[in-house]
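Enquirer: Here you go, one structure.
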Amino acid sequence: MTQLPLRYFGDPVLRTVADPIPEDKLGTPALQTLVTDMLETMDANGGVGLAANQVGLTQRIFVYDCEGDRGHVINPVWSAVGEETQTGREGCLSIPDVGGDVTRAESVRVQGITVDGEPVDREVSGLLARCVQHETDHLDGVMFLKYLSSEERKAAMSTIRSADWFQNS
C-alpha cells in the first residue's frame, strides 16, 4: 500500500474530465492496488472521499468512507431521488483549510461498478449522497467552489491565495 501525493487547487488535472475505465481493466492487480492506495491516501489525509483526479489520474473512480460505509465506485453516474435538498459545509482535500456551504440533492441513486466488476446500484442519502455528488464532480473537472455564494467564493479565493501550499505550488 502506498499513500499517493495529492494534487491541489490550480493543478490542471483537477479541471480535467476523467476517462471511463474500460471493462478489460477490471479485476487487474493495478486497479486493485489503485483502490487500496486511494483509500489509504484518503484515510491519511482525513477525508471522507477521494477522486482519482485528486491524485493526478484522469480515470473515473472514487473512494469513500462515510459514517462506516466504505467502498469505491468505478464509472459512477448519479441521479437525484426526489426534490429534497441539503445544504451543508463542504471541504476538499485538494483545497486544504477552505470550506463553504453547498446545496446538493438529499438523496441520489448511484450506479457504476466495483474493481471486481460487480454492479453498484444504490440509493444513498445524507453525507454519502453529498460525497457521491462531490467526488463525481471532481471526475467531471468541477470543484465545489463553483457552488459557493459569491461572498463565500471570494473569501475562499483569498484564503487560497495566501496559503503556503498554494504559494509553493
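To be explicit about the labels: the chains of the C-alpha cells are called A, B, and onward in the order shown, and within each one the residues are counted from 1, while ligands get numbers from 1 in the order they are shown.
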As a ChimeraX atom specification, please: the residues near range 111-128 of chain A (cut-off 6 Å, only C-alpha atoms, same-chain neighbours under 2 positions excluded).
Expert: /A:26-27,66,73-77,106-109,130-131
Enquirer: If you count only C-alpha atoms, which residues fall within 10 Å of Ala163 in chain A, apart from same-chain ones fewer than 3 positions away, as a PDB file with all heavy atoms, in the first residue's frame?
Expert:
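So the final result, stored in out-v4.pdb, reads:
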ATOM      1  N   ILE A  95      -8.078  21.377  -1.525  1.00  0.00           N
ATOM      2  CA  ILE A  95      -8.115  22.797  -1.151  1.00  0.00           C
ATOM      3  C   ILE A  95      -8.078  22.860   0.379  1.00  0.00           C
ATOM      4  O   ILE A  95      -9.085  23.146   1.020  1.00  0.00           O
ATOM      5  CB  ILE A  95      -9.368  23.521  -1.682  1.00  0.00           C
ATOM      6  CG1 ILE A  95      -9.664  23.164  -3.137  1.00  0.00           C
ATOM      7  CG2 ILE A  95      -9.199  25.035  -1.551  1.00  0.00           C
ATOM      8  CD1 ILE A  95     -10.982  23.738  -3.658  1.00  0.00           C
ATOM      9  N   PRO A  96      -6.918  22.564   0.983  1.00  0.00           N
ATOM     10  CA  PRO A  96      -6.840  22.485   2.447  1.00  0.00           C
ATOM     11  C   PRO A  96      -7.320  23.763   3.136  1.00  0.00           C
ATOM     12  O   PRO A  96      -7.057  24.871   2.670  1.00  0.00           O
ATOM     13  CB  PRO A  96      -5.351  22.264   2.718  1.00  0.00           C
ATOM     14  CG  PRO A  96      -4.803  21.708   1.448  1.00  0.00           C
ATOM     15  CD  PRO A  96      -5.626  22.306   0.353  1.00  0.00           C
ATOM     16  N   ASP A  97      -8.023  23.564   4.246  1.00  0.00           N
ATOM     17  CA  ASP A  97      -8.459  24.652   5.130  1.00  0.00           C
ATOM     18  C   ASP A  97      -9.444  25.622   4.492  1.00  0.00           C
ATOM     19  O   ASP A  97      -9.584  26.749   4.943  1.00  0.00           O
ATOM     20  CB  ASP A  97      -7.245  25.421   5.683  1.00  0.00           C
ATOM     21  CG  ASP A  97      -6.277  24.501   6.399  1.00  0.00           C
ATOM     22  OD1 ASP A  97      -6.738  23.618   7.147  1.00  0.00           O
ATOM     23  OD2 ASP A  97      -5.055  24.650   6.199  1.00  0.00           O
ATOM     24  N   VAL A  98     -10.127  25.183   3.434  1.00  0.00           N
ATOM     25  CA  VAL A  98     -11.139  26.015   2.788  1.00  0.00           C
ATOM     26  C   VAL A  98     -12.440  25.221   2.772  1.00  0.00           C
ATOM     27  O   VAL A  98     -12.442  24.024   2.474  1.00  0.00           O
ATOM     28  CB  VAL A  98     -10.726  26.383   1.344  1.00  0.00           C
ATOM     29  CG1 VAL A  98     -11.854  27.092   0.609  1.00  0.00           C
ATOM     30  CG2 VAL A  98      -9.472  27.244   1.364  1.00  0.00           C
ATOM     31  N   MET A 157     -11.190  32.183  -2.142  1.00  0.00           N
ATOM     32  CA  MET A 157     -10.062  32.511  -3.023  1.00  0.00           C
ATOM     33  C   MET A 157      -9.003  33.322  -2.293  1.00  0.00           C
ATOM     34  O   MET A 157      -7.807  33.134  -2.515  1.00  0.00           O
ATOM     35  CB  MET A 157     -10.554  33.242  -4.274  1.00  0.00           C
ATOM     36  CG  MET A 157     -11.378  32.365  -5.210  1.00  0.00           C
ATOM     37  SD  MET A 157     -10.569  30.825  -5.699  1.00  0.00           S
ATOM     38  CE  MET A 157      -9.125  31.462  -6.533  1.00  0.00           C
ATOM     39  N   SER A 158      -9.412  34.187  -1.409  1.00  0.00           N
ATOM     40  CA  SER A 158      -8.454  34.953  -0.608  1.00  0.00           C
ATOM     41  C   SER A 158      -7.637  34.016   0.277  1.00  0.00           C
ATOM     42  O   SER A 158      -6.411  34.149   0.379  1.00  0.00           O
ATOM     43  CB  SER A 158      -9.202  35.987   0.236  1.00  0.00           C
ATOM     44  OG  SER A 158      -8.297  36.685   1.052  1.00  0.00           O
ATOM     45  N   THR A 159      -8.310  33.055   0.900  1.00  0.00           N
ATOM     46  CA  THR A 159      -7.615  32.075   1.744  1.00  0.00           C
ATOM     47  C   THR A 159      -6.656  31.248   0.901  1.00  0.00           C
ATOM     48  O   THR A 159      -5.515  31.002   1.307  1.00  0.00           O
ATOM     49  CB  THR A 159      -8.637  31.168   2.450  1.00  0.00           C
ATOM     50  OG1 THR A 159      -9.499  31.969   3.261  1.00  0.00           O
ATOM     51  CG2 THR A 159      -7.955  30.127   3.311  1.00  0.00           C
ATOM     52  N   ILE A 160      -7.096  30.813  -0.265  1.00  0.00           N
ATOM     53  CA  ILE A 160      -6.255  30.012  -1.149  1.00  0.00           C
ATOM     54  C   ILE A 160      -5.009  30.789  -1.560  1.00  0.00           C
ATOM     55  O   ILE A 160      -3.887  30.282  -1.472  1.00  0.00           O
ATOM     56  CB  ILE A 160      -7.040  29.556  -2.399  1.00  0.00           C
ATOM     57  CG1 ILE A 160      -8.099  28.525  -2.010  1.00  0.00           C
ATOM     58  CG2 ILE A 160      -6.109  29.022  -3.480  1.00  0.00           C
ATOM     59  CD1 ILE A 160      -9.122  28.230  -3.097  1.00  0.00           C
ATOM     60  N   PHE A 166      -0.440  26.807  -1.670  1.00  0.00           N
ATOM     61  CA  PHE A 166      -0.731  27.390  -2.967  1.00  0.00           C
ATOM     62  C   PHE A 166       0.463  28.222  -3.463  1.00  0.00           C
ATOM     63  O   PHE A 166       0.847  28.143  -4.625  1.00  0.00           O
ATOM     64  CB  PHE A 166      -1.994  28.266  -2.914  1.00  0.00           C
ATOM     65  CG  PHE A 166      -2.409  28.806  -4.246  1.00  0.00           C
ATOM     66  CD1 PHE A 166      -2.928  27.966  -5.225  1.00  0.00           C
ATOM     67  CD2 PHE A 166      -2.290  30.152  -4.540  1.00  0.00           C
ATOM     68  CE1 PHE A 166      -3.327  28.469  -6.460  1.00  0.00           C
ATOM     69  CE2 PHE A 166      -2.679  30.661  -5.764  1.00  0.00           C
ATOM     70  CZ  PHE A 166      -3.189  29.813  -6.731  1.00  0.00           C
ATOM     71  N   GLN A 167       1.057  28.982  -2.586  1.00  0.00           N
ATOM     72  CA  GLN A 167       2.174  29.846  -2.969  1.00  0.00           C
ATOM     73  C   GLN A 167       3.396  29.007  -3.357  1.00  0.00           C
ATOM     74  O   GLN A 167       4.211  29.455  -4.164  1.00  0.00           O
ATOM     75  CB  GLN A 167       2.527  30.794  -1.828  1.00  0.00           C
ATOM     76  CG  GLN A 167       1.435  31.826  -1.601  1.00  0.00           C
ATOM     77  CD  GLN A 167       1.766  32.775  -0.469  1.00  0.00           C
ATOM     78  OE1 GLN A 167       2.861  32.780   0.061  1.00  0.00           O
ATOM     79  NE2 GLN A 167       0.798  33.600  -0.108  1.00  0.00           N
ATOM     80  N   ASN A 168       3.498  27.811  -2.817  1.00  0.00           N
ATOM     81  CA  ASN A 168       4.656  26.957  -3.106  1.00  0.00           C
ATOM     82  C   ASN A 168       4.401  25.981  -4.242  1.00  0.00           C
ATOM     83  O   ASN A 168       5.214  25.123  -4.512  1.00  0.00           O
ATOM     84  CB  ASN A 168       5.075  26.184  -1.846  1.00  0.00           C
ATOM     85  CG  ASN A 168       5.560  27.107  -0.763  1.00  0.00           C
ATOM     86  OD1 ASN A 168       6.178  28.131  -1.044  1.00  0.00           O
ATOM     87  ND2 ASN A 168       5.287  26.764   0.481  1.00  0.00           N
TER      88      ASN A 168
END
Enquirer: Please return as a ChimeraX atom specification: the residues of chain A that backbone DSSP assigns to strand (DSSP E or B).
Expert: /A:19,49-51,59,61-66,69-80,85-91,99-105,107-113,119-125
Enquirer: Write out as a list of chain:residue names which residues come within 8 Å of His138 in chain A when counting only C-alpha atoms, dropping same-chain ones fewer than 6 positions away.
Expert: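 Listing them by chain and then by number gives A:Leu14, A:Arg15, A:Val17, A:Ala51, A:Asn53, A:Gln54.
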Enquirer: Skipping near chain neighbours, those fewer than 6 positions away, what residues fall within 12 Å of Leu31 in chain A using only C-alpha atoms, listed as a list in words?
Expert: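 In the requested format, the answer is Ile21, Pro22, Glu23, Asp24, Lys25, Asp37, Met38, Ala52, Leu57, Gln59, Arg60, Ile61, Phe62, His72, Val73, Ile74, Thr114, Val115, Asp116 and Gly117 of chain A.
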Enquirer: Might you pull out every residue within 10 Å of Leu34 in chain A, with only C-alpha atoms counted and same-chain residues fewer than 5 positions away left off, and present them as a list in words?
Expert: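 So, after excluding close chain neighbours, the residues are Met1, Thr2, Leu4, Thr28, Pro29, Leu39, Glu40, Ala52, Ile61 and Val115 of chain A.
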Enquirer: With distances taken over only C-alpha atoms, which residue among A:Val132, A:Tyr64, A:Ser79, A:Tyr147 lies nearest Thr103 in chain A?
Expert: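 Of the candidates, the smallest distance to Thr103 in chain A is held by A:Tyr147.
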Enquirer: Would you mind telling me which residue in A:Leu145, A:Gln3, A:Asp164, A:Ala105 lies nearest to Ala80 in chain A when using only C-alpha atoms?
Expert: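 Between A:Leu145, A:Gln3, A:Asp164, A:Ala105, the residue approaching Ala80 in chain A most closely is A:Ala105.
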Enquirer: May I ask which of the residues A:Val13, A:Asp69, A:Ala18, A:Leu93 is the closest one to Met42 in chain A, counting only C-alpha atoms?
Expert: A:Leu93
